[in-house]
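Right, one structure below, let's go through it.
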Amino acid sequence: MKVLLLYGGRSAEHDVSVISSRFVGNLLKKTGHDVFPVFIGKNGGWKVENRTAAIITEKYPWRIMLGTAEFTPDVVFPVLHGPYGEDGTIQGLCRTAGWPCAGSGVEASAVAMNKDLCKRVVAARGIPVLPWISVSGKRIPGKQEVHGKLGYPVFVKPARQGSSVGISRVTDYYELKPAIMAACEYDNLILIEKGIENPREIEVALVSDGGAIRSSMPGEVIPGKTWYDYEAKYDCPESVTVIPAGIPASLTAEARTMAEKVFSILSCAGFARCDFLLDSDGSLYFNELNTIPGFTSVSMFPKLWEAGGVPPEEILNGILTEALERYSREKSGTGKEPV
């Protein structure tokens, strides 16, 4: 299978994407696929080994020109975390080009990436979420607006970012303005979310094939810092993952059921990772769903499946097969290319 592997990208998670791509690319080659890795720079340019990669749009489906070689990919695997990759933009390009794309489509990717919109959608379907307010631009909400609805601490987040980029923990009103200013460096839609003391981070991996959704055993992330910020995720040896999570069987079942329900509500496809916060009283709250989770040898997504006896090569092949079968179903269902 000719796999167009897209990595890098314009988001703040560019470097994480590069690391994920090495792991995914090696696994795809190991399982016999022809891998065409295309690096997307922070400036948005596409390159392969310092050569410009061109998209040929004269015929449908579109073709890729690499040097003198021209080909149409059988499937695209985007290993692009954050905006301009995980938010529906690449997925829309693939639809336009006529390329099957691994993972969720345009709508699910866009909704999952927008934390404000995602919380509204899942909360309306009965999924427990922590209270929050959203602000546009650099508006600073009033003291009573925050204190009355949320209390402290609160977490201030760019609404359309991932990997704890631009997030601040705020313990009083006077810290709120600099936290909003910091978040505004990444997005003009800001989430201010109620914090809970000493929450536990519980994560569930998900895959789908033809409508059937499968969930992994839950894992737990124990941050090496006060909370799980960007440094704790990627540059803190004290941060550890525990698989399976040390929670009762009833909570394990609840986390898996809730993760599968969120995946279904958002109309996700292929694969994802669903993250929860567990309160000290045993209450589980949906935090976010990542439609392109980290995919390295130490990432939670492949580790959760491997702990359950499913090797990452098998997961990857399943994701690619699902993308092709979904594209074929959508095409045959209308007699036209998927839209």
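Chains: A, B, ... in order of the structure tokens. Residues: from 1 per chain. Ligands: from 1, in order shown.
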
Write out as a PDB file with N, CA and C atoms, in the first residue's frame each polymer residue whose atoms come within 10 Å of Glu13 in chain A, counting only C-alpha atoms; drop sequence neighbours fewer than 5 positions from it.
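The file below, out-v8.pdb, is the result:
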```
ATOM      1  N   GLY A   8       5.135  16.932  10.882  1.00  0.00           N
ATOM      2  CA  GLY A   8       5.667  18.278  11.092  1.00  0.00           C
ATOM      3  C   GLY A   8       4.509  19.221  11.351  1.00  0.00           C
ATOM      4  N   VAL A  18       7.067  15.272  14.603  1.00  0.00           N
ATOM      5  CA  VAL A  18       8.257  14.699  13.962  1.00  0.00           C
ATOM      6  C   VAL A  18       8.653  13.399  14.660  1.00  0.00           C
ATOM      7  N   LEU A  80      -0.100  14.618  12.399  1.00  0.00           N
ATOM      8  CA  LEU A  80      -0.039  16.064  12.597  1.00  0.00           C
ATOM      9  C   LEU A  80      -0.871  16.415  13.820  1.00  0.00           C
ATOM     10  N   HIS A  81      -0.212  16.835  14.875  1.00  0.00           N
ATOM     11  CA  HIS A  81      -0.914  17.151  16.114  1.00  0.00           C
ATOM     12  C   HIS A  81      -1.251  18.640  16.167  1.00  0.00           C
ATOM     13  N   GLY A  82      -2.459  18.959  16.612  1.00  0.00           N
ATOM     14  CA  GLY A  82      -2.833  20.355  16.791  1.00  0.00           C
ATOM     15  C   GLY A  82      -3.396  20.988  15.528  1.00  0.00           C
ATOM     16  N   PRO A  83      -3.465  22.331  15.506  1.00  0.00           N
ATOM     17  CA  PRO A  83      -4.033  23.060  14.363  1.00  0.00           C
ATOM     18  C   PRO A  83      -3.305  22.751  13.062  1.00  0.00           C
ATOM     19  N   GLN A 161      -6.032  24.121  20.878  1.00  0.00           N
ATOM     20  CA  GLN A 161      -4.655  23.644  20.945  1.00  0.00           C
ATOM     21  C   GLN A 161      -4.657  22.314  21.663  1.00  0.00           C
ATOM     22  N   GLY A 162      -3.492  21.654  21.689  1.00  0.00           N
ATOM     23  CA  GLY A 162      -3.361  20.393  22.397  1.00  0.00           C
ATOM     24  C   GLY A 162      -2.067  20.351  23.185  1.00  0.00           C
ATOM     25  N   SER A 163      -1.818  19.214  23.829  1.00  0.00           N
ATOM     26  CA  SER A 163      -0.574  18.965  24.553  1.00  0.00           C
ATOM     27  C   SER A 163      -0.239  20.034  25.595  1.00  0.00           C
ATOM     28  N   SER A 164      -1.276  20.590  26.221  1.00  0.00           N
ATOM     29  CA  SER A 164      -1.088  21.564  27.303  1.00  0.00           C
ATOM     30  C   SER A 164      -0.365  22.829  26.856  1.00  0.00           C
ATOM     31  N   VAL A 165      -0.358  23.104  25.564  1.00  0.00           N
ATOM     32  CA  VAL A 165       0.285  24.313  25.045  1.00  0.00           C
ATOM     33  C   VAL A 165      -0.519  25.539  25.469  1.00  0.00           C
TER      34      VAL A 165
END
```

I need the alpha helix (DSSP H) residues of range 100-325 of chain A per DSSP on the backbone, written as number ranges by chain. A: 106-113, 115-124, 143-149, 176-183, 230-234, 249-265, 300-307, 312-325

Show me, as a ChimeraX atom specification, the residues that have an atom within 7 Å of Ile127 in chain A when counting only C-alpha atoms, minus same-chain residues fewer than 4 positions from it. /A:122-123,286

Write the residues of the selection above to a file with N, CA and C atoms, as a PDB file, in the first residue's frame.
```pdb
ATOM      1  N   VAL A 122     -20.810  17.149  23.916  1.00  0.00           N
ATOM      2  CA  VAL A 122     -20.874  15.931  24.740  1.00  0.00           C
ATOM      3  C   VAL A 122     -21.699  16.155  25.998  1.00  0.00           C
ATOM      4  N   ALA A 123     -21.647  17.361  26.569  1.00  0.00           N
ATOM      5  CA  ALA A 123     -22.448  17.644  27.757  1.00  0.00           C
ATOM      6  C   ALA A 123     -23.941  17.556  27.436  1.00  0.00           C
ATOM      7  N   PHE A 286     -15.139  13.990  31.573  1.00  0.00           N
ATOM      8  CA  PHE A 286     -14.514  14.046  30.261  1.00  0.00           C
ATOM      9  C   PHE A 286     -13.663  15.306  30.163  1.00  0.00           C
TER      10      PHE A 286
END
```

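Within the 8 Å cut-off around Ile292 in chain A, using only C-alpha atoms and omitting residues fewer than 2 positions from it on the same chain, the listed residues are Pro78, Val79, Leu80, His81, Glu86, Gly103, Phe271, Ala272, Arg273, Asn290 and Gly294 of chain A.
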
With C-alpha atoms retained, write the just-selected residues as a compact mmCIF listing (two decimals), in the first residue's frame.
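The result, stored in part.txt:
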```txt
# COMPACT_ATOMS: atom_id res chain seq x y z
CA PRO A 78 -1.52 12.37 8.96
CA VAL A 79 0.72 12.39 12.03
CA LEU A 80 -0.04 16.06 12.60
CA HIS A 81 -0.91 17.15 16.11
CA GLU A 86 -5.79 17.56 13.66
CA GLY A 103 -8.60 8.75 11.24
CA PHE A 271 -8.54 5.90 16.11
CA ALA A 272 -8.43 8.35 19.01
CA ARG A 273 -7.50 8.76 22.65
CA ASN A 290 -7.50 13.56 20.61
CA GLY A 294 0.80 10.87 20.11
```

Separating CA of Ala159 in chain A from CA of Val16 in chain A, to the nearest tenth of an Å, is a gap of 19.3 Å

Near range 190-193 of chain A, 8 Å: range 35-134 of chain A residue rows, closest pairs, only C-alpha atoms, as a tab-separated table:
```
residue	atom	partner	partner_atom	distance
A:Lys115	CA	A:Leu191	CA	7.6
A:Asp116	CA	A:Leu191	CA	6.7
A:Leu130	CA	A:Glu193	CA	6.9
A:Pro131	CA	A:Glu193	CA	6.1
A:Trp132	CA	A:Glu193	CA	4.2
A:Ile133	CA	A:Ile192	CA	5.3
A:Ser134	CA	A:Leu191	CA	4.6
```

Serialized selection, C-alpha atoms, as an mmCIF file, in the first residue's frame:
```
data_model
loop_
_atom_site.group_PDB
_atom_site.id
_atom_site.type_symbol
_atom_site.label_atom_id
_atom_site.label_comp_id
_atom_site.auth_asym_id
_atom_site.auth_seq_id
_atom_site.Cartn_x
_atom_site.Cartn_y
_atom_site.Cartn_z
ATOM 1 C CA LYS A 115 -12.595 22.316 23.440
ATOM 2 C CA ASP A 116 -15.466 24.755 23.944
ATOM 3 C CA LEU A 130 -16.275 20.288 34.550
ATOM 4 C CA PRO A 131 -17.909 23.747 34.498
ATOM 5 C CA TRP A 132 -16.266 26.308 32.214
ATOM 6 C CA ILE A 133 -16.708 29.667 30.566
ATOM 7 C CA SER A 134 -15.276 30.775 27.234
#
```

Find the residues around range 312-314 of chain A up to 7 Å (only C-alpha atoms counted), leave out those fewer than 4 positions away in its own chain, and share them as a list in words. Leu27, Thr31, Pro302, Glu306 and Gly318 of chain A

Let's have the selection written as a CSV table (one decimal), in the first residue's frame, with C-alpha atoms.
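Wrote it out as out_24.csv, contents follow:
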```csv
chain,number,residue,atom,x,y,z
A,27,LEU,CA,6.2,0.4,11.7
A,31,THR,CA,4.7,-4.3,7.8
A,302,PRO,CA,0.1,2.3,21.4
A,306,GLU,CA,0.2,-3.4,23.6
A,318,GLY,CA,-6.3,-1.8,11.2
```

Write out as a list in words each polymer residue whose atoms come within 8 Å of Phe77 in chain A, counting only C-alpha atoms; drop sequence neighbours fewer than 5 positions from it. Val3, Leu4, Leu5, Leu6, Cys101, Ala102, Gly103 and Leu320 of chain A

Take the selection from the previous step and output its residues with C-alpha atoms, as a JSON list (two decimals), in the first residue's frame.
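Done, and the output landed in again.json:
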```json
[["chain", "number", "residue", "atom", "x", "y", "z"],
["A", 3, "VAL", "CA", 1.04, 5.48, 2.33],
["A", 4, "LEU", "CA", 1.51, 9.25, 2.26],
["A", 5, "LEU", "CA", 2.81, 10.04, 5.75],
["A", 6, "LEU", "CA", 2.32, 13.72, 6.61],
["A", 101, "CYS", "CA", -7.42, 9.53, 4.97],
["A", 102, "ALA", "CA", -6.72, 7.62, 8.18],
["A", 103, "GLY", "CA", -8.60, 8.75, 11.24],
["A", 320, "LEU", "CA", -5.34, 1.98, 7.32]]
```

Identify, on the basis of only C-alpha atoms, every residue whose closest approach to range 264-270 of chain A does not exceed 6 Å; exclude the query and any residue fewer than 5 positions from it along the same chain; express the result as a tab-separated table (two decimals) with N, CA and C atoms, in the first residue's frame.
```tsv
chain	number	residue	atom	x	y	z
A	103	GLY	N	-8.10	7.98	10.11
A	103	GLY	CA	-8.60	8.75	11.24
A	103	GLY	C	-9.90	9.47	10.94
A	104	SER	N	-10.28	10.32	11.86
A	104	SER	CA	-11.57	11.01	11.77
A	104	SER	C	-11.62	11.97	10.59
A	108	ALA	N	-15.71	15.66	12.65
A	108	ALA	CA	-15.29	15.15	13.95
A	108	ALA	C	-13.97	15.77	14.39
A	207	VAL	N	-10.28	2.48	18.84
A	207	VAL	CA	-10.20	2.24	17.40
A	207	VAL	C	-11.59	1.83	16.93
A	208	SER	N	-11.82	1.99	15.62
A	208	SER	CA	-13.11	1.58	15.07
A	208	SER	C	-12.88	0.88	13.74
A	319	ILE	N	-6.04	0.63	11.25
A	319	ILE	CA	-6.41	2.02	10.98
A	319	ILE	C	-6.42	2.29	9.47
```
